[in-house]
>>> print(open('target-v1.pdb').read())   # PDB, C-alpha atoms and all ligand atoms
ATOM      1  CA  MET A   1     123.824   5.828 -35.890
ATOM      2  CA  ASN A   2     124.409   7.879 -32.737
ATOM      3  CA  GLU A   3     121.221   9.878 -32.226
ATOM      4  CA  LYS A   4     123.250  12.917 -31.195
ATOM      5  CA  ILE A   5     124.901  13.171 -34.583
ATOM      6  CA  ILE A   6     123.998  15.909 -37.034
ATOM      7  CA  ASP A   7     124.390  13.896 -40.189
ATOM      8  CA  GLY A   8     125.655  16.147 -42.971
ATOM      9  CA  LYS A   9     125.960  13.263 -45.425
ATOM     10  CA  LYS A  10     122.291  12.357 -45.072
ATOM     11  CA  VAL A  11     121.117  15.961 -45.424
ATOM     12  CA  ARG A  12     123.386  16.479 -48.421
ATOM     13  CA  LYS A  13     121.971  13.375 -50.141
ATOM     14  CA  GLU A  14     118.408  14.628 -49.726
ATOM     15  CA  LYS A  15     119.356  18.085 -50.986
ATOM     16  CA  GLU A  16     121.190  16.550 -53.922
ATOM     17  CA  LEU A  17     118.092  14.623 -55.040
ATOM     18  CA  LYS A  18     115.867  17.706 -54.712
ATOM     19  CA  LEU A  19     118.300  19.829 -56.694
ATOM     20  CA  GLN A  20     118.695  17.187 -59.420
ATOM     21  CA  GLU A  21     114.923  17.198 -59.863
ATOM     22  CA  LYS A  22     114.805  20.992 -60.181
ATOM     23  CA  VAL A  23     117.738  21.065 -62.590
ATOM     24  CA  MET A  24     116.054  18.479 -64.816
ATOM     25  CA  THR A  25     113.172  20.854 -65.427
ATOM     26  CA  LEU A  26     115.446  23.609 -66.793
ATOM     27  CA  LYS A  27     115.441  24.277 -70.533
ATOM     28  CA  GLU A  28     119.189  24.740 -70.709
ATOM     29  CA  LYS A  29     122.183  23.179 -68.991
ATOM     30  CA  LEU A  30     123.875  25.435 -66.434
ATOM     31  CA  THR A  31     127.646  25.851 -66.432
ATOM     32  CA  LEU A  32     129.982  26.246 -63.491
ATOM     33  CA  VAL A  33     133.517  27.510 -64.120
ATOM     34  CA  VAL A  34     136.283  27.034 -61.576
ATOM     35  CA  ILE A  35     139.393  29.122 -62.211
ATOM     36  CA  SER A  36     142.545  27.705 -60.654
ATOM     37  CA  ILE A  37     146.031  29.175 -60.667
ATOM     38  CA  ALA A  38     149.268  27.298 -59.957
ATOM     39  CA  PHE A  39     149.284  23.826 -58.449
ATOM     40  CA  ASP A  40     147.947  23.247 -54.974
ATOM     41  CA  GLU A  41     147.324  19.655 -53.964
ATOM     42  CA  ALA A  42     144.423  20.324 -51.569
ATOM     43  CA  SER A  43     142.768  22.625 -54.130
ATOM     44  CA  GLN A  44     142.955  19.902 -56.758
ATOM     45  CA  VAL A  45     141.049  17.549 -54.433
ATOM     46  CA  TYR A  46     138.369  20.197 -53.790
ATOM     47  CA  ILE A  47     138.043  20.989 -57.513
ATOM     48  CA  ARG A  48     137.608  17.305 -58.304
ATOM     49  CA  GLN A  49     134.863  17.034 -55.636
ATOM     50  CA  LYS A  50     133.088  20.024 -57.170
ATOM     51  CA  GLU A  51     133.390  18.562 -60.662
ATOM     52  CA  LEU A  52     131.964  15.180 -59.643
ATOM     53  CA  LEU A  53     128.981  16.696 -57.866
ATOM     54  CA  ALA A  54     128.346  19.323 -60.563
ATOM     55  CA  LYS A  55     128.154  16.622 -63.230
ATOM     56  CA  LYS A  56     125.962  14.433 -61.027
ATOM     57  CA  ILE A  57     123.549  17.329 -60.538
ATOM     58  CA  GLY A  58     123.449  17.874 -64.303
ATOM     59  CA  TYR A  59     125.659  20.948 -64.783
ATOM     60  CA  ASN A  60     128.492  21.507 -67.238
ATOM     61  CA  PHE A  61     131.781  21.944 -65.423
ATOM     62  CA  ILE A  62     134.837  23.804 -66.709
ATOM     63  CA  ASN A  63     138.161  23.994 -64.900
ATOM     64  CA  LEU A  64     140.059  26.943 -66.333
ATOM     65  CA  HIS A  65     143.600  26.375 -65.135
ATOM     66  CA  PHE A  66     146.618  28.670 -65.436
ATOM     67  CA  ASP A  67     150.065  27.642 -64.226
ATOM     68  CA  THR A  68     150.756  31.344 -63.894
ATOM     69  CA  ILE A  69     148.907  34.473 -65.050
ATOM     70  CA  LEU A  70     149.249  38.238 -64.703
ATOM     71  CA  GLU A  71     146.608  39.890 -62.538
ATOM     72  CA  GLU A  72     145.344  42.083 -65.409
ATOM     73  CA  ASP A  73     145.022  39.079 -67.701
ATOM     74  CA  LEU A  74     143.155  37.102 -65.068
ATOM     75  CA  ILE A  75     140.707  39.963 -64.582
ATOM     76  CA  LYS A  76     140.177  40.120 -68.346
ATOM     77  CA  GLU A  77     139.419  36.370 -68.350
ATOM     78  CA  ILE A  78     136.887  36.856 -65.540
ATOM     79  CA  GLU A  79     135.267  39.787 -67.385
ATOM     80  CA  LYS A  80     134.887  37.606 -70.481
ATOM     81  CA  LEU A  81     133.140  34.960 -68.368
ATOM     82  CA  ASN A  82     130.936  37.652 -66.777
ATOM     83  CA  GLU A  83     129.737  38.626 -70.274
ATOM     84  CA  ASP A  84     129.293  35.055 -71.533
ATOM     85  CA  LYS A  85     125.592  34.113 -71.466
ATOM     86  CA  ASN A  86     126.519  30.420 -71.405
ATOM     87  CA  ILE A  87     128.293  30.701 -68.044
ATOM     88  CA  THR A  88     126.108  30.562 -64.931
ATOM     89  CA  GLY A  89     128.588  30.564 -62.054
ATOM     90  CA  ILE A  90     132.240  31.512 -61.558
ATOM     91  CA  ILE A  91     134.571  30.501 -58.737
ATOM     92  CA  VAL A  92     138.174  31.465 -58.227
ATOM     93  CA  GLN A  93     139.697  28.577 -56.300
ATOM     94  CA  LEU A  94     141.433  29.758 -53.119
ATOM     95  CA  PRO A  95     144.136  30.089 -51.933
ATOM     96  CA  LEU A  96     145.631  32.223 -54.702
ATOM     97  CA  PRO A  97     149.383  32.591 -55.180
ATOM     98  CA  SER A  98     150.571  35.551 -53.091
ATOM     99  CA  TYR A  99     151.495  37.701 -56.122
ATOM    100  CA  LEU A 100     147.787  38.066 -56.950
ATOM    101  CA  ASN A 101     145.476  40.520 -55.165
ATOM    102  CA  LYS A 102     142.680  38.252 -53.896
ATOM    103  CA  GLU A 103     140.316  41.101 -53.010
ATOM    104  CA  ARG A 104     140.574  42.702 -56.450
ATOM    105  CA  ILE A 105     140.230  39.413 -58.311
ATOM    106  CA  LEU A 106     137.214  38.153 -56.349
ATOM    107  CA  ASN A 107     135.471  41.495 -56.757
ATOM    108  CA  SER A 108     135.872  41.373 -60.524
ATOM    109  CA  ILE A 109     133.372  38.476 -60.607
ATOM    110  CA  SER A 110     129.847  39.606 -61.457
ATOM    111  CA  PRO A 111     127.817  39.432 -58.195
ATOM    112  CA  LEU A 112     125.149  37.524 -60.139
ATOM    113  CA  LYS A 113     127.694  34.803 -61.030
ATOM    114  CA  ASP A 114     129.563  34.875 -57.705
ATOM    115  CA  VAL A 115     128.488  31.386 -56.552
ATOM    116  CA  ASP A 116     131.046  31.368 -53.710
ATOM    117  CA  GLY A 117     129.351  34.535 -52.399
ATOM    118  CA  LEU A 118     132.645  36.294 -51.750
ATOM    119  CA  THR A 119     132.208  39.623 -53.546
ATOM    120  CA  ASN A 120     131.734  42.768 -51.453
ATOM    121  CA  THR A 121     128.380  43.332 -53.168
ATOM    122  CA  ASN A 122     127.026  39.972 -52.047
ATOM    123  CA  PHE A 123     128.370  40.464 -48.526
ATOM    124  CA  LEU A 124     126.608  43.812 -48.240
ATOM    125  CA  LYS A 125     123.361  42.299 -49.528
ATOM    126  CA  LEU A 126     123.643  39.507 -46.955
ATOM    127  CA  THR A 127     123.999  42.029 -44.122
ATOM    128  CA  LYS A 128     120.928  43.855 -45.417
ATOM    129  CA  LYS A 129     118.847  40.659 -45.819
ATOM    130  CA  GLU A 130     118.561  41.193 -49.572
ATOM    131  CA  PRO A 131     118.440  38.183 -51.941
ATOM    132  CA  SER A 132     122.033  37.258 -52.712
ATOM    133  CA  LEU A 133     124.518  34.459 -53.204
ATOM    134  CA  ILE A 134     125.720  33.414 -49.739
ATOM    135  CA  PRO A 135     129.122  31.835 -48.990
ATOM    136  CA  CYS A 136     128.765  28.061 -49.176
ATOM    137  CA  THR A 137     129.917  26.896 -45.733
ATOM    138  CA  PRO A 138     127.707  29.347 -43.781
ATOM    139  CA  LYS A 139     124.834  28.506 -46.123
ATOM    140  CA  GLY A 140     125.407  24.790 -45.462
ATOM    141  CA  ILE A 141     125.438  25.363 -41.693
ATOM    142  CA  ILE A 142     122.132  27.254 -41.835
ATOM    143  CA  SER A 143     120.695  24.379 -43.917
ATOM    144  CA  LEU A 144     121.789  21.867 -41.262
ATOM    145  CA  LEU A 145     120.241  23.937 -38.457
ATOM    146  CA  ASP A 146     117.010  24.237 -40.480
ATOM    147  CA  TYR A 147     116.934  20.523 -41.275
ATOM    148  CA  TYR A 148     117.285  19.589 -37.609
ATOM    149  CA  LYS A 149     114.660  22.230 -36.715
ATOM    150  CA  ILE A 150     117.083  23.983 -34.381
ATOM    151  CA  ALA A 151     115.395  27.220 -33.384
ATOM    152  CA  LEU A 152     117.604  30.299 -33.451
ATOM    153  CA  LYS A 153     115.298  32.991 -32.149
ATOM    154  CA  GLU A 154     116.190  33.899 -28.584
ATOM    155  CA  LYS A 155     119.106  31.439 -28.642
ATOM    156  CA  ARG A 156     122.592  32.386 -27.560
ATOM    157  CA  VAL A 157     124.939  31.458 -30.393
ATOM    158  CA  VAL A 158     128.703  31.672 -30.022
ATOM    159  CA  ILE A 159     130.886  31.521 -33.130
ATOM    160  CA  VAL A 160     134.620  30.998 -32.783
ATOM    161  CA  GLY A 161     136.482  32.247 -35.876
ATOM    162  CA  ARG A 162     135.703  35.440 -37.824
ATOM    163  CA  SER A 163     136.985  34.684 -41.327
ATOM    164  CA  GLU A 164     135.316  36.203 -44.386
ATOM    165  CA  LEU A 165     134.689  32.666 -45.607
ATOM    166  CA  VAL A 166     132.870  31.301 -42.546
ATOM    167  CA  GLY A 167     132.567  33.167 -39.229
ATOM    168  CA  LEU A 168     131.764  36.686 -40.402
ATOM    169  CA  PRO A 169     128.987  35.868 -42.902
ATOM    170  CA  LEU A 170     127.575  33.342 -40.439
ATOM    171  CA  PHE A 171     127.413  36.056 -37.775
ATOM    172  CA  HIS A 172     125.139  38.134 -40.024
ATOM    173  CA  LEU A 173     123.030  35.196 -41.175
ATOM    174  CA  LEU A 174     122.318  34.181 -37.568
ATOM    175  CA  LEU A 175     121.666  37.764 -36.528
ATOM    176  CA  ASN A 176     119.183  38.033 -39.406
ATOM    177  CA  LYS A 177     117.415  35.048 -37.838
ATOM    178  CA  ASP A 178     117.127  36.820 -34.472
ATOM    179  CA  ALA A 179     119.743  34.785 -32.640
ATOM    180  CA  THR A 180     121.885  36.588 -30.072
ATOM    181  CA  VAL A 181     125.330  36.113 -31.529
ATOM    182  CA  THR A 182     128.824  36.469 -30.083
ATOM    183  CA  LEU A 183     131.769  36.315 -32.461
ATOM    184  CA  CYS A 184     135.089  35.216 -30.913
ATOM    185  CA  HIS A 185     138.538  35.235 -32.512
ATOM    186  CA  SER A 186     142.233  34.881 -31.768
ATOM    187  CA  LYS A 187     142.319  38.059 -29.693
ATOM    188  CA  THR A 188     139.389  37.017 -27.507
ATOM    189  CA  LYS A 189     140.511  36.750 -23.892
ATOM    190  CA  ASN A 190     139.262  33.787 -21.884
ATOM    191  CA  LEU A 191     137.401  32.035 -24.710
ATOM    192  CA  LYS A 192     135.837  29.612 -22.254
ATOM    193  CA  GLN A 193     133.731  32.296 -20.571
ATOM    194  CA  TYR A 194     131.924  32.758 -23.910
ATOM    195  CA  THR A 195     131.760  29.150 -25.143
ATOM    196  CA  LYS A 196     130.328  28.014 -21.775
ATOM    197  CA  LEU A 197     127.282  30.214 -22.313
ATOM    198  CA  ALA A 198     126.485  28.954 -25.811
ATOM    199  CA  ASP A 199     123.205  27.196 -26.583
ATOM    200  CA  ILE A 200     124.678  26.694 -30.032
ATOM    201  CA  LEU A 201     128.457  26.708 -30.481
ATOM    202  CA  ILE A 202     129.955  26.996 -33.959
ATOM    203  CA  VAL A 203     133.715  26.587 -34.255
ATOM    204  CA  ALA A 204     135.653  27.499 -37.418
ATOM    205  CA  VAL A 205     139.289  27.960 -36.482
ATOM    206  CA  GLY A 206     141.487  25.106 -37.729
ATOM    207  CA  LYS A 207     142.985  23.971 -34.409
ATOM    208  CA  LYS A 208     142.409  20.404 -33.263
ATOM    209  CA  ASP A 209     140.908  20.150 -29.746
ATOM    210  CA  LEU A 210     140.627  23.918 -29.323
ATOM    211  CA  ILE A 211     137.298  23.319 -27.607
ATOM    212  CA  THR A 212     137.419  20.862 -24.722
ATOM    213  CA  GLU A 213     134.669  19.331 -22.590
ATOM    214  CA  ASP A 214     135.071  21.857 -19.759
ATOM    215  CA  MET A 215     134.375  24.720 -22.222
ATOM    216  CA  VAL A 216     130.794  23.730 -23.093
ATOM    217  CA  LYS A 217     127.573  23.447 -21.130
ATOM    218  CA  ASP A 218     125.284  20.423 -20.930
ATOM    219  CA  GLY A 219     122.776  20.221 -23.772
ATOM    220  CA  VAL A 220     124.781  22.417 -26.149
ATOM    221  CA  ILE A 221     124.442  22.028 -29.918
ATOM    222  CA  ILE A 222     127.880  21.998 -31.553
ATOM    223  CA  ILE A 223     128.726  22.677 -35.186
ATOM    224  CA  ASP A 224     132.374  21.833 -35.804
ATOM    225  CA  VAL A 225     133.610  23.399 -39.037
ATOM    226  CA  GLY A 226     137.322  22.761 -38.506
ATOM    227  CA  ILE A 227     139.307  20.397 -40.691
ATOM    228  CA  ASN A 228     142.644  19.320 -39.257
ATOM    229  CA  ARG A 229     144.640  16.525 -40.836
ATOM    230  CA  VAL A 230     146.856  14.701 -38.340
ATOM    231  CA  ASP A 231     148.747  11.555 -39.381
ATOM    232  CA  GLY A 232     146.435  11.145 -42.365
ATOM    233  CA  LYS A 233     143.272  11.338 -40.225
ATOM    234  CA  LEU A 234     140.742  14.187 -40.149
ATOM    235  CA  TYR A 235     139.754  15.960 -36.952
ATOM    236  CA  GLY A 236     137.608  18.976 -36.192
ATOM    237  CA  ASP A 237     138.318  21.802 -33.744
ATOM    238  CA  VAL A 238     136.173  20.277 -30.995
ATOM    239  CA  ASP A 239     137.396  17.450 -28.789
ATOM    240  CA  SER A 240     135.144  14.420 -29.351
ATOM    241  CA  ALA A 241     134.679  14.174 -25.547
ATOM    242  CA  CYS A 242     132.228  17.093 -25.972
ATOM    243  CA  PHE A 243     129.755  14.611 -27.524
ATOM    244  CA  LYS A 244     128.983  13.499 -23.960
ATOM    245  CA  LYS A 245     127.612  16.898 -23.003
ATOM    246  CA  ALA A 246     126.124  17.877 -26.356
ATOM    247  CA  ARG A 247     122.489  17.432 -27.328
ATOM    248  CA  LEU A 248     123.513  17.388 -30.982
ATOM    249  CA  MET A 249     126.901  17.664 -32.667
ATOM    250  CA  THR A 250     128.398  17.425 -36.144
ATOM    251  CA  PRO A 251     131.072  14.777 -36.680
ATOM    252  CA  VAL A 252     134.274  15.457 -38.630
ATOM    253  CA  PRO A 253     134.277  14.226 -41.324
ATOM    254  CA  GLY A 254     130.621  13.900 -42.333
ATOM    255  CA  GLY A 255     129.129  17.037 -40.740
ATOM    256  CA  VAL A 256     129.657  20.466 -42.284
ATOM    257  CA  GLY A 257     131.974  19.354 -45.115
ATOM    258  CA  PRO A 258     129.337  17.609 -47.265
ATOM    259  CA  MET A 259     127.036  20.630 -46.862
ATOM    260  CA  THR A 260     129.553  23.086 -48.298
ATOM    261  CA  VAL A 261     129.751  21.517 -51.723
ATOM    262  CA  ILE A 262     125.988  20.926 -52.073
ATOM    263  CA  SER A 263     125.419  24.568 -51.074
ATOM    264  CA  LEU A 264     127.685  25.588 -53.935
ATOM    265  CA  MET A 265     125.540  23.564 -56.339
ATOM    266  CA  GLU A 266     122.408  25.218 -54.919
ATOM    267  CA  ASN A 267     124.046  28.591 -55.486
ATOM    268  CA  VAL A 268     124.571  27.777 -59.183
ATOM    269  CA  TYR A 269     120.840  27.150 -59.542
ATOM    270  CA  LEU A 270     120.035  30.282 -57.541
ATOM    271  CA  ALA A 271     122.460  32.328 -59.661
ATOM    272  CA  LYS A 272     120.476  31.353 -62.751
ATOM    273  CA  LYS A 273     117.239  32.473 -61.089
ATOM    274  CA  LEU A 274     118.772  35.802 -59.998
ATOM    275  CA  GLN A 275     120.118  36.376 -63.526
ATOM    276  CA  GLU A 276     116.652  35.698 -64.995
ATOM    277  CA  ASP A 277     115.017  38.063 -62.481
ATOM    278  CA  LYS A 278     117.492  40.786 -63.464
ATOM    279  CA  LEU A 279     116.661  40.302 -67.156
ATOM    280  CA  GLU A 280     112.935  40.610 -66.460
ATOM    281  CA  LYS A 281     113.369  43.913 -64.610
TER
HETATM  282  N1  LIG A 301     134.015  21.810 -43.612
HETATM  283  C1  LIG A 301     134.134  22.746 -44.559
HETATM  284  O1  LIG A 301     133.493  22.694 -45.586
HETATM  285  C2  LIG A 301     135.039  23.901 -44.324
HETATM  286  C3  LIG A 301     134.934  25.062 -45.094
HETATM  287  C4  LIG A 301     135.765  26.148 -44.797
HETATM  288  C5  LIG A 301     136.688  26.039 -43.787
HETATM  289  N2  LIG A 301     136.794  24.861 -43.099
HETATM  290  C6  LIG A 301     137.761  24.704 -42.000
HETATM  291  O2  LIG A 301     137.375  25.574 -40.955
HETATM  292  C7  LIG A 301     138.534  26.069 -40.303
HETATM  293  C8  LIG A 301     138.516  27.585 -40.369
HETATM  294  O3  LIG A 301     138.586  27.986 -41.719
HETATM  295  P1  LIG A 301     138.711  29.521 -42.132
HETATM  296  O4  LIG A 301     138.889  29.587 -43.580
HETATM  297  O5  LIG A 301     137.601  30.264 -41.487
HETATM  298  O6  LIG A 301     140.127  29.871 -41.384
HETATM  299  P2  LIG A 301     140.917  31.229 -41.194
HETATM  300  O7  LIG A 301     140.647  32.168 -42.300
HETATM  301  O8  LIG A 301     142.313  30.826 -40.876
HETATM  302  O9  LIG A 301     140.253  31.854 -39.878
HETATM  303  C9  LIG A 301     140.444  31.272 -38.635
HETATM  304  C10 LIG A 301     139.766  32.090 -37.572
HETATM  305  O10 LIG A 301     140.028  31.498 -36.310
HETATM  306  C11 LIG A 301     140.453  32.489 -35.386
HETATM  307  N3  LIG A 301     141.364  31.906 -34.407
HETATM  308  C12 LIG A 301     142.614  31.436 -34.580
HETATM  309  N4  LIG A 301     143.114  30.954 -33.431
HETATM  310  C13 LIG A 301     142.152  31.111 -32.498
HETATM  311  C14 LIG A 301     142.065  30.814 -31.124
HETATM  312  N5  LIG A 301     143.072  30.248 -30.471
HETATM  313  N6  LIG A 301     140.942  31.134 -30.474
HETATM  314  C15 LIG A 301     139.901  31.710 -31.115
HETATM  315  N7  LIG A 301     139.915  32.004 -32.432
HETATM  316  C16 LIG A 301     141.034  31.708 -33.121
HETATM  317  C17 LIG A 301     141.140  33.542 -36.229
HETATM  318  O11 LIG A 301     141.119  34.762 -35.536
HETATM  319  P3  LIG A 301     141.731  36.144 -36.152
HETATM  320  O12 LIG A 301     140.693  36.641 -37.098
HETATM  321  O13 LIG A 301     141.891  37.000 -34.957
HETATM  322  O14 LIG A 301     143.021  35.775 -36.820
HETATM  323  C18 LIG A 301     140.255  33.537 -37.478
HETATM  324  O15 LIG A 301     139.164  34.403 -37.326
HETATM  325  C19 LIG A 301     139.731  25.409 -41.011
HETATM  326  O16 LIG A 301     140.062  24.227 -40.331
HETATM  327  C20 LIG A 301     139.176  25.068 -42.368
HETATM  328  O17 LIG A 301     139.832  23.979 -42.968
HETATM  329  C21 LIG A 301     135.982  23.813 -43.334
END
>>> encode(input="target-v1.pdb", output="structure tokens")
Amino acid sequence: MNEKIIDGKKVRKEKELKLQEKVMTLKEKLTLVVISIAFDEASQVYIRQKELLAKKIGYNFINLHFDTILEEDLIKEIEKLNEDKNITGIIVQLPLPSYLNKERILNSISPLKDVDGLTNTNFLKLTKKEPSLIPCTPKGIISLLDYYKIALKEKRVVIVGRSELVGLPLFHLLLNKDATVTLCHSKTKNLKQYTKLADILIVAVGKKDLITEDMVKDGVIIIDVGINRVDGKLYGDVDSACFKKARLMTPVPGGVGPMTVISLMENVYLAKKLQEDKLEK
């Protein structure tokens, strides 16, 4: 194995075993519910991946599917799940059909069951360093950086992409760890002047080869979040020529991807702990 590779599959495997052990000690089986609406091929693949791992970890898994549903009815379904003591975690699989208000639907999930970490309440807690459920991809990236003992304090981190799913929560997580963080996006002029300065460069855009060799400095650590399917093959957002200059870099596939789904499973366990803490208070 190339010694420059940040191996998400290996880290995921280790995390999986640790989580399985913890889950085995629980008195009751935890349950993850994924709500899906309409048919979306990519979503079906992701749901299947979640189901396989959830069952392997030792959770119950329910896929609540609706071909179509009114927004009010969907919110009622979510409220029922919020009240149900047998349900530990709730996800609404994205993307939603455009007739549904994503913001309203996500925010109807109880923050204590919001294992995707996408409610406004959990976002606010994250920014204030309070215990909360953190979005899975940023959580997975932090786990990778921790595993490889990549120090963040005093480091210059550049993130490209400011989505609510990845870039924005990651910005706050890294700031909370005393990194100096720059967040770039589609309106950033002369992206290269920022990426060139990065000690750690994290790219979450969805454009193959957005980052080329001339845009990074020697010794950079690169986390490539992008997933771009071209002619049936997967590519990240960073040109593989950047490996030459990088000290460490995630491959695509096999870098960030495996960390996202294991982070979700960790969030289910954490949700249970947060729910218990709330009951004790
Ligand atoms: N490996 C995983 O587990 C995982 C998980 C989640 C996402 N992903 C992948 O990561 C990528 C990003 O996902 P996402 O959900 O964050 O996407 P998104 O919601 O479409 O956000 C993309 C971000 O990239 C920015 N952007 C677009 N073009 C740019 C450019 N030329 N220069 C700089 N910034 C640019 C956008 O800026 P504006 O805000 O200005 O529009 C936006 O902030 C996708 O390929 C997705 O498949 C992978």
>>> residues_around(input="target-v1.pdb", residues="Leu112 in chain A", least_positions_apart="5", cutoff="7 Å", atoms="all atoms listed in the file", output="ChimeraX atom specification")
/A:271,274-275
>>> residues_near_ligand(input="target-v1.pdb", ligand="ligand LIG 301 (chain A)", cutoff="9 Å", atoms="all atoms listed in the file", output="PyMOL selection string")
chain A and resi 136-138+140+160-168+184-189+191+203-208+210+224-229+235-237+252-261
>>> write_last_selection(input="target-v1.pdb", atoms="C-alpha atoms", output="PDB file, in the coordinates of the input")
ATOM      1  CA  CYS A 136     128.765  28.061 -49.176  1.00  0.00           C
ATOM      2  CA  THR A 137     129.917  26.896 -45.733  1.00  0.00           C
ATOM      3  CA  PRO A 138     127.707  29.347 -43.781  1.00  0.00           C
ATOM      4  CA  GLY A 140     125.407  24.790 -45.462  1.00  0.00           C
ATOM      5  CA  VAL A 160     134.620  30.998 -32.783  1.00  0.00           C
ATOM      6  CA  GLY A 161     136.482  32.247 -35.876  1.00  0.00           C
ATOM      7  CA  ARG A 162     135.703  35.440 -37.824  1.00  0.00           C
ATOM      8  CA  SER A 163     136.985  34.684 -41.327  1.00  0.00           C
ATOM      9  CA  GLU A 164     135.316  36.203 -44.386  1.00  0.00           C
ATOM     10  CA  LEU A 165     134.689  32.666 -45.607  1.00  0.00           C
ATOM     11  CA  VAL A 166     132.870  31.301 -42.546  1.00  0.00           C
ATOM     12  CA  GLY A 167     132.567  33.167 -39.229  1.00  0.00           C
ATOM     13  CA  LEU A 168     131.764  36.686 -40.402  1.00  0.00           C
ATOM     14  CA  CYS A 184     135.089  35.216 -30.913  1.00  0.00           C
ATOM     15  CA  HIS A 185     138.538  35.235 -32.512  1.00  0.00           C
ATOM     16  CA  SER A 186     142.233  34.881 -31.768  1.00  0.00           C
ATOM     17  CA  LYS A 187     142.319  38.059 -29.693  1.00  0.00           C
ATOM     18  CA  THR A 188     139.389  37.017 -27.507  1.00  0.00           C
ATOM     19  CA  LYS A 189     140.511  36.750 -23.892  1.00  0.00           C
ATOM     20  CA  LEU A 191     137.401  32.035 -24.710  1.00  0.00           C
ATOM     21  CA  VAL A 203     133.715  26.587 -34.255  1.00  0.00           C
ATOM     22  CA  ALA A 204     135.653  27.499 -37.418  1.00  0.00           C
ATOM     23  CA  VAL A 205     139.289  27.960 -36.482  1.00  0.00           C
ATOM     24  CA  GLY A 206     141.487  25.106 -37.729  1.00  0.00           C
ATOM     25  CA  LYS A 207     142.985  23.971 -34.409  1.00  0.00           C
ATOM     26  CA  LYS A 208     142.409  20.404 -33.263  1.00  0.00           C
ATOM     27  CA  LEU A 210     140.627  23.918 -29.323  1.00  0.00           C
ATOM     28  CA  ASP A 224     132.374  21.833 -35.804  1.00  0.00           C
ATOM     29  CA  VAL A 225     133.610  23.399 -39.037  1.00  0.00           C
ATOM     30  CA  GLY A 226     137.322  22.761 -38.506  1.00  0.00           C
ATOM     31  CA  ILE A 227     139.307  20.397 -40.691  1.00  0.00           C
ATOM     32  CA  ASN A 228     142.644  19.320 -39.257  1.00  0.00           C
ATOM     33  CA  ARG A 229     144.640  16.525 -40.836  1.00  0.00           C
ATOM     34  CA  TYR A 235     139.754  15.960 -36.952  1.00  0.00           C
ATOM     35  CA  GLY A 236     137.608  18.976 -36.192  1.00  0.00           C
ATOM     36  CA  ASP A 237     138.318  21.802 -33.744  1.00  0.00           C
ATOM     37  CA  VAL A 252     134.274  15.457 -38.630  1.00  0.00           C
ATOM     38  CA  PRO A 253     134.277  14.226 -41.324  1.00  0.00           C
ATOM     39  CA  GLY A 254     130.621  13.900 -42.333  1.00  0.00           C
ATOM     40  CA  GLY A 255     129.129  17.037 -40.740  1.00  0.00           C
ATOM     41  CA  VAL A 256     129.657  20.466 -42.284  1.00  0.00           C
ATOM     42  CA  GLY A 257     131.974  19.354 -45.115  1.00  0.00           C
ATOM     43  CA  PRO A 258     129.337  17.609 -47.265  1.00  0.00           C
ATOM     44  CA  MET A 259     127.036  20.630 -46.862  1.00  0.00           C
ATOM     45  CA  THR A 260     129.553  23.086 -48.298  1.00  0.00           C
ATOM     46  CA  VAL A 261     129.751  21.517 -51.723  1.00  0.00           C
TER      47      VAL A 261
END
>>> resolve_selection(input="target-v1.pdb", expression="the PyMOL selection byres (((chain A and resi 120) around 12) and not hetatm)", output="ChimeraX atom specification")
/A:103-111,114,116-119,121-127,132-135,164,169
>>> residues_around(input="target-v1.pdb", residues="range 58-72 of chain A", least_positions_apart="3", cutoff="8 Å", atoms="only C-alpha atoms", output="VMD selection string")
chain A and resid 20 23 to 24 29 to 39 47 51 54 to 55 75 to 76 100 to 101 105
>>> write_last_selection(input="target-v1.pdb", atoms="C-alpha atoms", output="PDB file, keeping the file's coordinate frame")
ATOM      1  CA  GLN A  20     118.695  17.187 -59.420  1.00  0.00           C
ATOM      2  CA  VAL A  23     117.738  21.065 -62.590  1.00  0.00           C
ATOM      3  CA  MET A  24     116.054  18.479 -64.816  1.00  0.00           C
ATOM      4  CA  LYS A  29     122.183  23.179 -68.991  1.00  0.00           C
ATOM      5  CA  LEU A  30     123.875  25.435 -66.434  1.00  0.00           C
ATOM      6  CA  THR A  31     127.646  25.851 -66.432  1.00  0.00           C
ATOM      7  CA  LEU A  32     129.982  26.246 -63.491  1.00  0.00           C
ATOM      8  CA  VAL A  33     133.517  27.510 -64.120  1.00  0.00           C
ATOM      9  CA  VAL A  34     136.283  27.034 -61.576  1.00  0.00           C
ATOM     10  CA  ILE A  35     139.393  29.122 -62.211  1.00  0.00           C
ATOM     11  CA  SER A  36     142.545  27.705 -60.654  1.00  0.00           C
ATOM     12  CA  ILE A  37     146.031  29.175 -60.667  1.00  0.00           C
ATOM     13  CA  ALA A  38     149.268  27.298 -59.957  1.00  0.00           C
ATOM     14  CA  PHE A  39     149.284  23.826 -58.449  1.00  0.00           C
ATOM     15  CA  ILE A  47     138.043  20.989 -57.513  1.00  0.00           C
ATOM     16  CA  GLU A  51     133.390  18.562 -60.662  1.00  0.00           C
ATOM     17  CA  ALA A  54     128.346  19.323 -60.563  1.00  0.00           C
ATOM     18  CA  LYS A  55     128.154  16.622 -63.230  1.00  0.00           C
ATOM     19  CA  ILE A  75     140.707  39.963 -64.582  1.00  0.00           C
ATOM     20  CA  LYS A  76     140.177  40.120 -68.346  1.00  0.00           C
ATOM     21  CA  LEU A 100     147.787  38.066 -56.950  1.00  0.00           C
ATOM     22  CA  ASN A 101     145.476  40.520 -55.165  1.00  0.00           C
ATOM     23  CA  ILE A 105     140.230  39.413 -58.311  1.00  0.00           C
TER      24      ILE A 105
END
>>> atom_distance(input="target-v1.pdb", atom1="CA of Lys13 in chain A", atom2="CA of Tyr147 in chain A")
12.5 Å
>>> residues_near_point(input="target-v1.pdb", point="(119.5, 15.7, -48.4)", cutoff="12 Å", atoms="only C-alpha atoms", output="VMD selection string")
chain A and resid 7 to 20 140 143 to 144 146 to 148 258 to 259 262 to 263 266
